[in-house]
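Before any comments, here is the structure.
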Amino acid sequence: MTRKTLAEFVDLHTYFHTEEGVVQSVSGVSFRIREGETVALVGESGCGKSVTALSMMGLIEQPPGRIQGGRILFEGEDLLQAGKKTVHRLRGKEIAMIFQEPMSSHNPVLTIGEQIAEPLIEHLQLSRKAARLRAVELIGRVGIPRPEAIARAYPHELSGGMLQRIMIAVALSCDPKLLIADEPTTALDVTIQAQILDLLREIKAERQMSILLITHDLGVVAEMADHVVVMYCGKVIEQAPVLELFRQPKHPYTQGLLNSRPVIGRRSQRLYSIPGQVPSLIGLGEGCRFAGRCPHAADICRTKQPPLRYGGNQHQIACWLYEEESELVGTAGTG
């Protein structure tokens with residue numbers, strides 16, 4: 001059964017205007033998220049993953065940031081054309097976000113209970129008493145013992161793993177349809193990481209919620225995602241169902257990412273690393289942004305940007321290596 005599309009990014013461009021020049025953080029990004037689906041947004045640091053999510057949340061600081069073009073659809077409504085009241089109503093209620101770095105993402109002068117109660121009062125119009133009771137319930141729901149005592153605590157009194165769970169409780173307080181999880185396991189040890197991922201998976205199944213998972217950890221992607229979108233230098237360069245992407249990565253950059261993983265049972269003198277450096281996002285040329293690091297780069301790669309086209313069922317690639325094959329399949333839409 002085909003799932004209904006919940007959210008869709010269509011040719012999104014988000015730039016930052018600085019003294020050095022225009023930083024093209026997101027350049028023509030297109031992909032969709034279906035109901036009950038987990039989509040992983042993957043790529044090296046600085047490739048535009050978080051900026052894509054912040055554009056949807058209406059949290060790009062202007063200036064220096066500016067959404068130059070494109071559409072962000074949520075249940076068919078273009079958030080970029082909607083008024084501030086509409087975006088404010090959706091943010092935190094229908095679309096919630098878990099931010100990076102749990103140790104610095106909480107208000108240090110408010111108790112944990114107050115921070116969880118705030119969206120309940122704002123979006124669900126609960127009384128302070130009812131919101132506090134619901135906050136205690138949510139603290140218990142994310143697996144923290146002694147929820148009443150934790151509700152009275154301040155962020156500095158909790159560990160990183162507990163703060164990450166509290167952030168999940170805040171995000172889930174209004175029962176959102178889409179949860180954006182931006183590096184939800186960063187800076188946590190592997191045991192806590194596993195617990196956080198188990199919690200997200202359990203809550204997703206329980207609420208039939210969609211998740212946009214932003215990460216550079218391919219192990220997390222393999223465990224959590226249904227569909228994977230690979231970004232490089234602000235552009236989507238490949239996307240496919242998770243099993244197909246891991247079994248048959250097509251773009252040289254995706255192949256490099258997967259080859260960089262340590263594999264149990266595979267011995268080597270040193271781990272593979274993609275040669276070269278990520279180029280500056282200021283003053284980018286017309287060619288493929290990966291051309292300077294690609295072992296297969298040809299003249300056309302340095303002068304012309306490859307389009308994102310289908311190279312098989314639900315598999316899209318932006319690479320001149322597959323252009324002839326893609327032409328036979330047909331021009332891609334947004335996946």
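Identifiers in the structure tokens: chain A, B, ... in order shown; residue index from 1 per chain; ligand index from 1 in order shown.
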Just want the 6 Å neighbourhood of A:Val242, counted on only C-alpha atoms, with same-chain residues fewer than 4 positions away dropped. Output as a PyMOL selection string.
chain A and resi 226-228
Env of A:Ala297: 10 Å cut, atoms = only C-alpha atoms, seq-sep filter 6 positions within chain, self excluded. Answer as an mmCIF file with C-alpha atoms, in the first residue's frame.
data_model
loop_
_atom_site.group_PDB
_atom_site.id
_atom_site.type_symbol
_atom_site.label_atom_id
_atom_site.label_comp_id
_atom_site.auth_asym_id
_atom_site.auth_seq_id
_atom_site.Cartn_x
_atom_site.Cartn_y
_atom_site.Cartn_z
ATOM 1 C CA PRO A 252 30.814 7.884 -5.870
ATOM 2 C CA CYS A 288 29.380 18.830 -9.980
ATOM 3 C CA PHE A 290 31.984 16.468 -5.826
ATOM 4 C CA ALA A 291 34.105 16.558 -8.986
ATOM 5 C CA CYS A 319 25.892 11.785 -11.485
ATOM 6 C CA TRP A 320 27.015 11.882 -15.101
ATOM 7 C CA LEU A 321 28.158 8.241 -14.795
#
With a distance cut-off of 8 Å and only C-alpha atoms, select the neighbouring residues of A:Thr14, excluding the residue or stretch itself and same-chain residues fewer than 4 positions from it, and output the selection as a PyMOL selection string.
chain A and resi 24-27+51-52+55+65-69
Residues of stretch 89-202 of chain A at most 12 Å from stretch 58-64 of chain A: nearest atom pair and distance in Å, only C-alpha atoms, as a tab-separated table:
residue	atom	partner	partner_atom	distance
A:Arg89	CA	A:Gly58	CA	11.6
A:Leu90	CA	A:Gly58	CA	10.3
A:Arg91	CA	A:Gly58	CA	8.3
A:Gly92	CA	A:Gly58	CA	11.4
A:Ile95	CA	A:Gly58	CA	11.0
A:Ala96	CA	A:Gly58	CA	11.8
A:Met97	CA	A:Leu59	CA	11.0
A:Phe99	CA	A:Leu59	CA	11.8
So which one's closest to A:Ser260, A:Glu44, A:Ile203, A:Gly287, A:Ile139? Using only C-alpha atoms, please.
A:Glu44
Selected residue of minimal separation from A:Glu35 among A:Leu12, A:Ala194, A:Ala205, A:Ile274, counting only C-alpha atoms
A:Ala205
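Taking only C-alpha atoms into account, A:Gly312 lies nearest to A:Leu245 out of the set A:Leu245, A:Leu120, A:Val142, A:Val221.
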Check the DSSP output for the backbone and give back, as an NGL selection string, the residues of stretch 117-304 of chain A in helix (DSSP H, G or I).
:A and (117-124 or 128-141 or 147-151 or 155-157 or 160-172 or 190-207 or 218-224 or 242-247 or 252-259 or 291-293 or 299-303)
Can you tell me which residues surround A:Gln248 at a distance of at most 12 Å, considering only C-alpha atoms, apart from same-chain residues fewer than 3 positions away, and format the answer as JSON, numbers by chain?
{"A": [238, 239, 240, 241, 242, 243, 244, 245, 251, 252, 254, 255, 258, 311, 312, 315, 316, 317]}
Write a file of the selected residues as a PDB file, in the first residue's frame, keeping C-alpha atoms.
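Listed below is the output, part.pdb:
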ATOM      1  CA  GLU A 238      21.387  10.308  -4.209  1.00  0.00           C
ATOM      2  CA  GLN A 239      18.274   8.936  -2.545  1.00  0.00           C
ATOM      3  CA  ALA A 240      16.832   5.435  -2.298  1.00  0.00           C
ATOM      4  CA  PRO A 241      15.135   2.950   0.059  1.00  0.00           C
ATOM      5  CA  VAL A 242      17.588   2.100   2.818  1.00  0.00           C
ATOM      6  CA  LEU A 243      18.239  -1.532   1.842  1.00  0.00           C
ATOM      7  CA  GLU A 244      18.838  -0.642  -1.806  1.00  0.00           C
ATOM      8  CA  LEU A 245      21.189   2.194  -0.912  1.00  0.00           C
ATOM      9  CA  HIS A 251      27.022   7.857  -6.467  1.00  0.00           C
ATOM     10  CA  PRO A 252      30.814   7.884  -5.870  1.00  0.00           C
ATOM     11  CA  THR A 254      27.791   7.542  -1.256  1.00  0.00           C
ATOM     12  CA  GLN A 255      30.172   4.706  -2.088  1.00  0.00           C
ATOM     13  CA  LEU A 258      29.939   3.429   2.999  1.00  0.00           C
ATOM     14  CA  GLY A 311      18.297   5.141 -11.972  1.00  0.00           C
ATOM     15  CA  GLY A 312      15.875   2.431 -10.925  1.00  0.00           C
ATOM     16  CA  HIS A 315      16.493   5.237  -6.674  1.00  0.00           C
ATOM     17  CA  GLN A 316      17.693   8.678  -7.781  1.00  0.00           C
ATOM     18  CA  ILE A 317      21.252   9.738  -8.600  1.00  0.00           C
TER      19      ILE A 317
END
